[in-house]
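Student: File protein-v3.pdb follows (PDB, C-alpha atoms, pLDDT in the B column):
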```
ATOM      1  CA  VAL M 199     115.370 -17.234 197.131  1.00 83.00           C
ATOM      2  CA  ARG M 200     117.310 -18.611 200.120  1.00 86.00           C
ATOM      3  CA  ASP M 201     119.623 -20.494 197.711  1.00 86.00           C
ATOM      4  CA  PHE M 202     120.221 -17.287 195.734  1.00 84.00           C
ATOM      5  CA  TYR M 203     121.574 -15.523 198.818  1.00 88.00           C
ATOM      6  CA  GLN M 204     123.654 -18.551 199.846  1.00 89.00           C
ATOM      7  CA  LEU M 205     125.196 -18.854 196.369  1.00 89.00           C
ATOM      8  CA  LYS M 206     125.934 -15.132 196.347  1.00 89.00           C
ATOM      9  CA  GLU M 207     127.712 -15.412 199.724  1.00 90.00           C
ATOM     10  CA  ASP M 208     129.659 -18.514 198.632  1.00 91.00           C
ATOM     11  CA  LEU M 209     130.914 -16.715 195.524  1.00 89.00           C
ATOM     12  CA  LYS M 210     131.825 -13.558 197.439  1.00 87.00           C
ATOM     13  CA  ALA M 211     133.677 -15.614 200.062  1.00 89.00           C
ATOM     14  CA  GLY M 212     135.547 -17.651 197.449  1.00 87.00           C
ATOM     15  CA  THR M 213     134.484 -21.003 198.916  1.00 91.00           C
ATOM     16  CA  ILE M 214     133.763 -22.658 195.524  1.00 90.00           C
ATOM     17  CA  HIS M 215     137.011 -23.893 193.966  1.00 87.00           C
ATOM     18  CA  GLU M 216     136.194 -26.616 191.445  1.00 89.00           C
ATOM     19  CA  PRO M 217     136.282 -24.847 188.013  1.00 85.00           C
ATOM     20  CA  VAL M 218     133.116 -26.348 186.500  1.00 86.00           C
ATOM     21  CA  GLN M 219     131.100 -25.723 189.666  1.00 90.00           C
ATOM     22  CA  LEU M 220     132.491 -22.195 189.909  1.00 88.00           C
ATOM     23  CA  GLY M 221     131.608 -21.404 186.285  1.00 85.00           C
ATOM     24  CA  PHE M 222     128.139 -22.881 186.640  1.00 87.00           C
ATOM     25  CA  SER M 223     127.573 -20.956 189.878  1.00 89.00           C
ATOM     26  CA  PHE M 224     128.440 -17.663 188.183  1.00 85.00           C
ATOM     27  CA  LEU M 225     126.120 -18.509 185.283  1.00 86.00           C
ATOM     28  CA  VAL M 226     123.243 -19.357 187.631  1.00 87.00           C
ATOM     29  CA  LEU M 227     123.729 -16.226 189.705  1.00 86.00           C
ATOM     30  CA  ASN M 228     123.957 -14.065 186.573  1.00 83.00           C
ATOM     31  CA  ARG M 229     120.744 -15.494 185.168  1.00 84.00           C
ATOM     32  CA  ILE M 230     118.686 -15.192 188.358  1.00 84.00           C
ATOM     33  CA  SER M 231     119.952 -11.829 189.605  1.00 82.00           C
ATOM     34  CA  ARG M 232     118.419  -8.496 188.719  1.00 75.00           C
ATOM     35  CA  GLY M 233     120.099  -7.127 185.600  1.00 69.00           C
ATOM     36  CA  GLY M 234     122.636  -9.971 185.659  1.00 68.00           C
ATOM     37  CA  HIS M 235     124.604  -8.190 188.387  1.00 74.00           C
ATOM     38  CA  GLY M 236     125.578 -11.437 190.113  1.00 77.00           C
ATOM     39  CA  VAL M 237     127.170 -10.908 193.519  1.00 81.00           C
ATOM     40  CA  LYS M 238     126.453  -7.164 193.270  1.00 79.00           C
ATOM     41  CA  ALA M 239     122.705  -7.755 192.846  1.00 77.00           C
ATOM     42  CA  GLY M 240     120.561  -6.876 195.798  1.00 77.00           C
ATOM     43  CA  ALA M 241     117.859  -9.454 195.126  1.00 81.00           C
ATOM     44  CA  PRO M 242     116.878 -12.140 192.661  1.00 84.00           C
ATOM     45  CA  VAL M 243     114.400 -11.559 189.869  1.00 82.00           C
ATOM     46  CA  LYS M 244     110.896 -12.733 190.622  1.00 83.00           C
ATOM     47  CA  PRO M 245     109.950 -15.377 189.936  1.00 83.00           C
ATOM     48  CA  VAL M 246     113.475 -16.669 190.494  1.00 77.00           C
ATOM     49  CA  GLY M 247     113.567 -18.863 187.372  1.00 77.00           C
ATOM     50  CA  SER M 248     112.067 -16.309 184.983  1.00 82.00           C
ATOM     51  CA  ARG M 249     115.421 -15.510 183.307  1.00 80.00           C
ATOM     52  CA  TRP M 250     116.599 -19.134 183.189  1.00 84.00           C
ATOM     53  CA  ASN M 251     116.251 -20.705 179.740  1.00 86.00           C
ATOM     54  CA  SER M 252     117.988 -24.099 179.722  1.00 89.00           C
ATOM     55  CA  PRO M 253     117.403 -24.878 176.019  1.00 91.00           C
ATOM     56  CA  GLY M 254     118.611 -21.403 175.008  1.00 87.00           C
ATOM     57  CA  LEU M 255     121.734 -21.597 177.173  1.00 87.00           C
ATOM     58  CA  VAL M 256     122.573 -25.086 175.874  1.00 89.00           C
ATOM     59  CA  ALA M 257     122.058 -23.925 172.272  1.00 90.00           C
ATOM     60  CA  ASP M 258     124.321 -20.896 172.834  1.00 84.00           C
ATOM     61  CA  VAL M 259     127.115 -22.982 174.364  1.00 84.00           C
ATOM     62  CA  GLU M 260     126.904 -25.619 171.638  1.00 90.00           C
ATOM     63  CA  ARG M 261     126.891 -22.991 168.870  1.00 87.00           C
ATOM     64  CA  ILE M 262     129.927 -21.187 170.303  1.00 81.00           C
ATOM     65  CA  HIS M 263     131.748 -24.496 170.830  1.00 83.00           C
ATOM     66  CA  ARG M 264     131.046 -25.543 167.234  1.00 85.00           C
ATOM     67  CA  LEU M 265     132.234 -22.214 165.821  1.00 78.00           C
ATOM     68  CA  LEU M 266     135.397 -22.053 167.924  1.00 76.00           C
ATOM     69  CA  ARG M 267     136.386 -25.745 167.756  1.00 79.00           C
ATOM     70  CA  GLY M 268     139.815 -26.013 166.202  1.00 76.00           C
ATOM     71  CA  ARG M 269     140.309 -22.241 166.341  1.00 71.00           C
ATOM     72  CA  VAL M 270     141.117 -21.703 170.012  1.00 72.00           C
ATOM     73  CA  HIS M 271     144.136 -23.469 171.457  1.00 68.00           C
ATOM     74  CA  HIS M 272     145.654 -23.380 174.928  1.00 70.00           C
ATOM     75  CA  ASN M 273     142.967 -21.018 176.132  1.00 73.00           C
ATOM     76  CA  CYS M 274     142.629 -20.005 179.732  1.00 70.00           C
ATOM     77  CA  CYS M 275     140.444 -17.781 181.812  1.00 69.00           C
ATOM     78  CA  THR M 276     142.053 -16.285 184.857  1.00 71.00           C
ATOM     79  CA  SER M 277     141.610 -13.765 187.594  1.00 69.00           C
ATOM     80  CA  GLU M 278     145.339 -13.337 188.106  1.00 73.00           C
ATOM     81  CA  ASP M 279     146.836  -9.888 187.795  1.00 84.00           C
ATOM     82  CA  PHE M 280     146.443  -8.944 184.140  1.00 87.00           C
ATOM     83  CA  GLU M 281     150.053  -7.826 183.804  1.00 91.00           C
ATOM     84  CA  ASP M 282     151.342 -11.265 184.826  1.00 88.00           C
ATOM     85  CA  VAL M 283     149.156 -12.925 182.196  1.00 86.00           C
ATOM     86  CA  LEU M 284     149.587 -10.429 179.354  1.00 89.00           C
ATOM     87  CA  THR M 285     153.377 -10.321 179.605  1.00 90.00           C
ATOM     88  CA  GLU M 286     153.853 -14.102 179.400  1.00 86.00           C
ATOM     89  CA  PRO M 287     156.029 -14.955 176.401  1.00 85.00           C
ATOM     90  CA  GLY M 288     154.402 -16.373 173.294  1.00 81.00           C
ATOM     91  CA  ASP M 289     152.511 -15.491 170.158  1.00 81.00           C
ATOM     92  CA  TYR M 290     148.865 -15.337 171.172  1.00 80.00           C
ATOM     93  CA  TRP M 291     145.756 -13.198 171.054  1.00 83.00           C
ATOM     94  CA  ALA M 292     144.348 -11.970 174.333  1.00 86.00           C
ATOM     95  CA  PHE M 293     140.675 -11.242 174.879  1.00 86.00           C
ATOM     96  CA  VAL M 294     140.449  -8.662 177.657  1.00 91.00           C
ATOM     97  CA  ASP M 295     137.180  -7.640 179.308  1.00 89.00           C
ATOM     98  CA  PRO M 296     138.126  -5.356 182.215  1.00 92.00           C
ATOM     99  CA  PRO M 297     135.708  -3.798 184.671  1.00 90.00           C
ATOM    100  CA  TYR M 298     134.064  -0.871 182.961  1.00 90.00           C
ATOM    101  CA  VAL M 299     134.936   2.708 183.819  1.00 94.00           C
ATOM    102  CA  LYS M 300     131.574   4.364 184.441  1.00 89.00           C
ATOM    103  CA  GLN M 301     129.781   1.703 186.477  1.00 82.00           C
ATOM    104  CA  GLY M 302     132.650  -0.553 187.504  1.00 80.00           C
ATOM    105  CA  GLY M 303     132.111  -0.185 191.223  1.00 78.00           C
ATOM    106  CA  SER M 304     128.400  -0.927 191.007  1.00 77.00           C
ATOM    107  CA  LEU M 305     128.699  -3.872 188.607  1.00 75.00           C
ATOM    108  CA  TYR M 306     131.762  -5.788 189.739  1.00 76.00           C
ATOM    109  CA  GLN M 307     132.912  -7.266 192.996  1.00 78.00           C
ATOM    110  CA  HIS M 308     136.459  -6.240 192.033  1.00 79.00           C
ATOM    111  CA  SER M 309     136.600  -3.082 189.912  1.00 87.00           C
ATOM    112  CA  PHE M 310     139.436  -0.878 188.610  1.00 92.00           C
ATOM    113  CA  ASP M 311     140.383   2.615 189.603  1.00 93.00           C
ATOM    114  CA  GLU M 312     141.804   5.001 186.979  1.00 95.00           C
ATOM    115  CA  LYS M 313     145.359   3.913 187.781  1.00 96.00           C
ATOM    116  CA  LYS M 314     144.566   0.283 186.896  1.00 95.00           C
ATOM    117  CA  HIS M 315     142.826   1.302 183.661  1.00 96.00           C
ATOM    118  CA  ARG M 316     145.941   3.276 182.711  1.00 97.00           C
ATOM    119  CA  ARG M 317     148.232   0.372 183.637  1.00 97.00           C
ATOM    120  CA  LEU M 318     146.169  -2.021 181.499  1.00 97.00           C
ATOM    121  CA  ALA M 319     146.469   0.280 178.480  1.00 97.00           C
ATOM    122  CA  ALA M 320     150.242   0.582 178.976  1.00 97.00           C
ATOM    123  CA  VAL M 321     150.652  -3.208 179.227  1.00 96.00           C
ATOM    124  CA  LEU M 322     148.545  -3.818 176.106  1.00 95.00           C
ATOM    125  CA  ARG M 323     150.405  -1.157 174.168  1.00 95.00           C
ATOM    126  CA  SER M 324     153.815  -2.555 175.066  1.00 93.00           C
ATOM    127  CA  ARG M 325     153.099  -6.290 174.711  1.00 87.00           C
ATOM    128  CA  GLY M 326     153.542  -6.475 170.930  1.00 80.00           C
ATOM    129  CA  GLN M 327     150.847  -9.139 170.509  1.00 84.00           C
ATOM    130  CA  PRO M 328     147.284  -8.709 169.265  1.00 88.00           C
ATOM    131  CA  PHE M 329     144.374  -8.325 171.647  1.00 91.00           C
ATOM    132  CA  LEU M 330     140.651  -7.775 171.538  1.00 90.00           C
ATOM    133  CA  LEU M 331     139.344  -5.506 174.287  1.00 93.00           C
ATOM    134  CA  THR M 332     135.782  -4.610 175.253  1.00 92.00           C
ATOM    135  CA  TYR M 333     134.954  -1.484 177.232  1.00 94.00           C
ATOM    136  CA  ASP M 334     132.221   0.975 177.986  1.00 93.00           C
ATOM    137  CA  ASP M 335     132.180   4.175 175.957  1.00 95.00           C
ATOM    138  CA  ALA M 336     133.949   6.472 178.407  1.00 96.00           C
ATOM    139  CA  PRO M 337     136.223   9.480 177.761  1.00 97.00           C
ATOM    140  CA  LEU M 338     139.063   7.838 179.721  1.00 97.00           C
ATOM    141  CA  VAL M 339     139.020   4.831 177.385  1.00 97.00           C
ATOM    142  CA  HIS M 340     139.226   7.058 174.298  1.00 97.00           C
ATOM    143  CA  ASP M 341     142.086   8.951 175.927  1.00 97.00           C
ATOM    144  CA  LEU M 342     144.000   5.727 176.643  1.00 97.00           C
ATOM    145  CA  TYR M 343     143.580   3.984 173.259  1.00 97.00           C
ATOM    146  CA  SER M 344     143.158   6.720 170.634  1.00 95.00           C
ATOM    147  CA  GLY M 345     145.970   6.999 168.129  1.00 91.00           C
ATOM    148  CA  TRP M 346     147.473   3.533 168.499  1.00 93.00           C
ATOM    149  CA  ALA M 347     144.435   1.250 168.546  1.00 94.00           C
ATOM    150  CA  VAL M 348     141.251   0.908 166.544  1.00 92.00           C
ATOM    151  CA  ILE M 349     138.202   1.901 168.585  1.00 94.00           C
ATOM    152  CA  GLU M 350     134.867   0.758 167.202  1.00 91.00           C
ATOM    153  CA  HIS M 351     131.453   1.539 168.605  1.00 91.00           C
ATOM    154  CA  ILE M 352     129.216  -1.523 168.796  1.00 87.00           C
ATOM    155  CA  GLU M 353     125.613  -1.870 169.874  1.00 84.00           C
ATOM    156  CA  VAL M 354     124.821  -4.489 172.516  1.00 80.00           C
ATOM    157  CA  LEU M 355     121.534  -5.508 174.107  1.00 72.00           C
ATOM    158  CA  TYR M 356     121.230  -5.719 177.887  1.00 67.00           C
ATOM    159  CA  GLY M 357     118.739  -6.862 180.442  1.00 60.00           C
ATOM    160  CA  ASP M 358     115.410  -8.553 180.286  1.00 58.00           C
ATOM    161  CA  ASP M 359     113.973  -5.749 178.166  1.00 65.00           C
ATOM    162  CA  ARG M 360     116.944  -5.938 175.733  1.00 70.00           C
ATOM    163  CA  GLN M 361     117.834  -2.261 175.907  1.00 76.00           C
ATOM    164  CA  ALA M 362     120.484  -1.188 173.417  1.00 83.00           C
ATOM    165  CA  ALA M 363     123.720   0.313 174.687  1.00 82.00           C
ATOM    166  CA  THR M 364     126.928   1.392 172.997  1.00 87.00           C
ATOM    167  CA  GLU M 365     130.167  -0.306 173.953  1.00 91.00           C
ATOM    168  CA  LEU M 366     133.644  -0.230 172.490  1.00 94.00           C
ATOM    169  CA  LEU M 367     135.589  -2.945 170.712  1.00 91.00           C
ATOM    170  CA  ILE M 368     139.306  -2.125 170.722  1.00 94.00           C
ATOM    171  CA  TYR M 369     142.253  -3.811 169.027  1.00 92.00           C
ATOM    172  CA  PRO M 370     145.734  -2.689 167.956  1.00 91.00           C
ATOM    173  CA  ARG M 371     146.106  -1.179 164.503  1.00 86.00           C
ATOM    174  CA  CYS M 372     148.604  -3.915 163.614  1.00 80.00           C
ATOM    175  CA  ALA M 373     145.829  -6.516 164.024  1.00 78.00           C
ATOM    176  CA  ALA M 374     143.146  -4.735 161.964  1.00 76.00           C
ATOM    177  CA  GLU M 375     143.473  -7.087 158.984  1.00 77.00           C
ATOM    178  CA  GLN M 376     143.226 -10.175 161.196  1.00 74.00           C
ATOM    179  CA  VAL M 377     140.135  -8.795 162.916  1.00 72.00           C
ATOM    180  CA  ARG M 378     138.557  -8.050 159.528  1.00 72.00           C
ATOM    181  CA  ASP M 379     139.267 -11.627 158.377  1.00 69.00           C
ATOM    182  CA  GLN M 380     137.623 -13.052 161.515  1.00 65.00           C
ATOM    183  CA  ARG M 381     134.582 -10.856 161.035  1.00 62.00           C
ATOM    184  CA  GLU M 382     134.099 -12.225 157.548  1.00 62.00           C
ATOM    185  CA  GLY M 383     134.807 -15.823 158.629  1.00 56.00           C
ATOM    186  CA  PRO M 384     133.212 -18.348 160.956  1.00 51.00           C
ATOM    187  CA  CYS M 385     133.754 -16.232 164.087  1.00 52.00           C
ATOM    188  CA  GLY M 386     131.881 -13.221 162.752  1.00 52.00           C
ATOM    189  CA  PHE M 387     129.143 -13.777 165.324  1.00 48.00           C
ATOM    190  CA  LEU M 388     131.582 -12.671 168.034  1.00 52.00           C
ATOM    191  CA  PHE M 389     131.507  -9.184 166.537  1.00 50.00           C
ATOM    192  CA  ASP M 390     127.744  -9.058 166.301  1.00 48.00           C
ATOM    193  CA  LEU M 391     127.196  -8.664 170.016  1.00 39.00           C
TER     194      LEU M 391
END
```
Please go through the file and, once you have read it, give me the structure as structure tokens.

Tutor:
Amino acid sequence: VRDFYQLKEDLKAGTIHEPVQLGFSFLVLNRISRGGHGVKAGAPVKPVGSRWNSPGLVADVERIHRLLRGRVHHNCCTSEDFEDVLTEPGDYWAFVDPPYVKQGGSLYQHSFDEKKHRRLAAVLRSRGQPFLLTYDDAPLVHDLYSGWAVIEHIEVLYGDDRQAATELLIYPRCAAEQVRDQREGPCGFLFDL
């Protein structure tokens, strides 16, 4: 329990810089915090290791690696300002998973206000390259993406009790055929969240 609170403080303070250690730290905190809330969690689950499943996590990572090998090139994960990243020149897909609208402030250390959600939509609309965006099912999201993007409702399972929730999968109309092809191909599991 002491280590949980120390890891949470280290992540909030930004004192972990090595990428593999940082990624592993987020994974550990996600798996041992209540509801997977990470640095926003008030306390760890009890017993602390009850949500940790090493064989399952290894199997998931290996399966995703196998399915994406040779399909993802020059990938990066960043916490830079999204506009700087999304307006870089080049022909590439962007996977965008912004802080959600309804519970953003309670789930994320760094959430968006309405102005940032609107700016993200404007950047995605103007970039001219395909993207895949996940969001919560909120009226603001429908307002921002209706008419020029495909908005699909998908069911996802959350938490230890695997409660179903509805989220949105959004992509530009110009990319609909490519998304359909991926769904029917080896990356179809990505759409079966």

Student: Extract, using only C-alpha atoms, all DNA, RNA and protein residues at most 6 Å from range 360-374 of chain M, discarding same-chain residues fewer than 5 positions from it, and format them as a list in words.

Tutor: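 Within the cut-off, the hits are Pro328, Phe329, Leu330, Leu331, Thr332, Tyr333, Asp334, Asp335, Ala347, Val348, Ile349, Glu350, His351, Ile352, Glu353, Val354 and Leu355 of chain M.
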
Student: Could you write out as a list in words the residues that the PyMOL selection byres ((chain M and resi 308) around 12) matches in the shown file?

Tutor: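 Applied to this file, the PyMOL selection byres ((chain M and resi 308) around 12) returns Lys210, Val237, Lys238, Ser277, Asp279, Pro296, Pro297, Tyr298, Gln301, Gly302, Gly303, Ser304, Leu305, Tyr306, Gln307, Ser309, Phe310, Asp311 and Lys314 of chain M.
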
Student: If you keep C-alpha atoms, can you produce a file of those selected residues as a CSV table (one decimal), in the coordinates of the input?

Tutor:
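Output below, filename selection_7.csv:
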```
chain,number,residue,atom,x,y,z
M,210,LYS,CA,131.8,-13.6,197.4
M,237,VAL,CA,127.2,-10.9,193.5
M,238,LYS,CA,126.5,-7.2,193.3
M,277,SER,CA,141.6,-13.8,187.6
M,279,ASP,CA,146.8,-9.9,187.8
M,296,PRO,CA,138.1,-5.4,182.2
M,297,PRO,CA,135.7,-3.8,184.7
M,298,TYR,CA,134.1,-0.9,183.0
M,301,GLN,CA,129.8,1.7,186.5
M,302,GLY,CA,132.6,-0.6,187.5
M,303,GLY,CA,132.1,-0.2,191.2
M,304,SER,CA,128.4,-0.9,191.0
M,305,LEU,CA,128.7,-3.9,188.6
M,306,TYR,CA,131.8,-5.8,189.7
M,307,GLN,CA,132.9,-7.3,193.0
M,309,SER,CA,136.6,-3.1,189.9
M,310,PHE,CA,139.4,-0.9,188.6
M,311,ASP,CA,140.4,2.6,189.6
M,314,LYS,CA,144.6,0.3,186.9
```

Student: Quick one: distance from CA of Arg323 in chain M to CA of Trp346 in chain M in Å, one decimal?

Tutor: 7.9 Å

Student: Choose the residue, out of M:Lys206, M:His340, M:Arg325, M:His215, that has the smallest atom-to-atom separation from Gly240 in chain M; count only C-alpha atoms.

Tutor: M:Lys206

Student: Using only C-alpha atoms, which protein or nucleic acid residues come within 8 Å of Phe224 in chain M? Drop anything in the same chain fewer than 3 positions from it, and give the result as a PyMOL selection string.

Tutor: chain M and resi 209+220-221+227-228+236

Student: Given the selection you just returned, output its residues as a file containing C-alpha atoms, formatted as a PDB file, in the frame of the given file.

Tutor:
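So the final result, stored in selection.pdb, reads:
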```pdb
ATOM      1  CA  LEU M 209     130.914 -16.715 195.524  1.00 89.00           C
ATOM      2  CA  LEU M 220     132.491 -22.195 189.909  1.00 88.00           C
ATOM      3  CA  GLY M 221     131.608 -21.404 186.285  1.00 85.00           C
ATOM      4  CA  LEU M 227     123.729 -16.226 189.705  1.00 86.00           C
ATOM      5  CA  ASN M 228     123.957 -14.065 186.573  1.00 83.00           C
ATOM      6  CA  GLY M 236     125.578 -11.437 190.113  1.00 77.00           C
TER       7      GLY M 236
END
```

Student: Applying the PyMOL selection byres ((chain M and resi 272) around 12) to the file I just gave you, which residues come out? Please list them as a list in words.

Tutor: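 Checked against the file, the PyMOL selection byres ((chain M and resi 272) around 12) matches Arg267, Gly268, Arg269, Val270, His271, Asn273, Cys274, Cys275, Gly288, Asp289, Tyr290, Trp291 and Ala292 of chain M.
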
Student: If we count all atoms listed in the file, what is near Arg232 in chain M at a cut-off of 7 Å, once residues fewer than 5 positions away on the same chain are taken out, given as a list in words?

Tutor: Ala239, Ala241, Pro242 and Val243 of chain M

Student: Go through M:His235, M:Arg316, M:Gly326, M:Leu205 one by one, measure the shortest atom-to-atom distance of each to Ser223 in chain M using only C-alpha atoms, and give the residue with the smallest value.

Tutor: M:Leu205

Student: Applying the PyMOL selection byres ((chain M and resi 254-258) around 12) to the file I just gave you, which residues come out? Please list them as a PyMOL selection string.

Tutor: chain M and resi 222+225-226+229+249-253+259-265+387-388

Student: Mind giving me the straight-line distance from CA of Glu278 in chain M to CA of Asp341 in chain M in Å, one decimal?

Tutor: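 Atom-to-atom, CA of Glu278 in chain M to CA of Asp341 in chain M, that is 25.6 Å.
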
Student: Have a look at CA of Leu284 in chain M and CA of His315 in chain M and let me know their distance in Å, one decimal.

Tutor: 14.2 Å

Student: Let me know the centre plus edge lengths, in Å and rounded to one decimal, of a box with edges along x, y and z that contains all listed atoms of range 214-218 of chain M and is padded by 5 Å on every side, as JSON.

Tutor:
```
{"center_x": 135.1, "center_y": -24.6, "center_z": 191.0, "size_x": 13.9, "size_y": 14.0, "size_z": 19.0}
```

Student: Here is a test: counting only C-alpha atoms, which residue of M:Thr285, M:Leu342, M:Gln376, M:Phe293 is nearest to Ser324 in chain M?

Tutor: M:Thr285
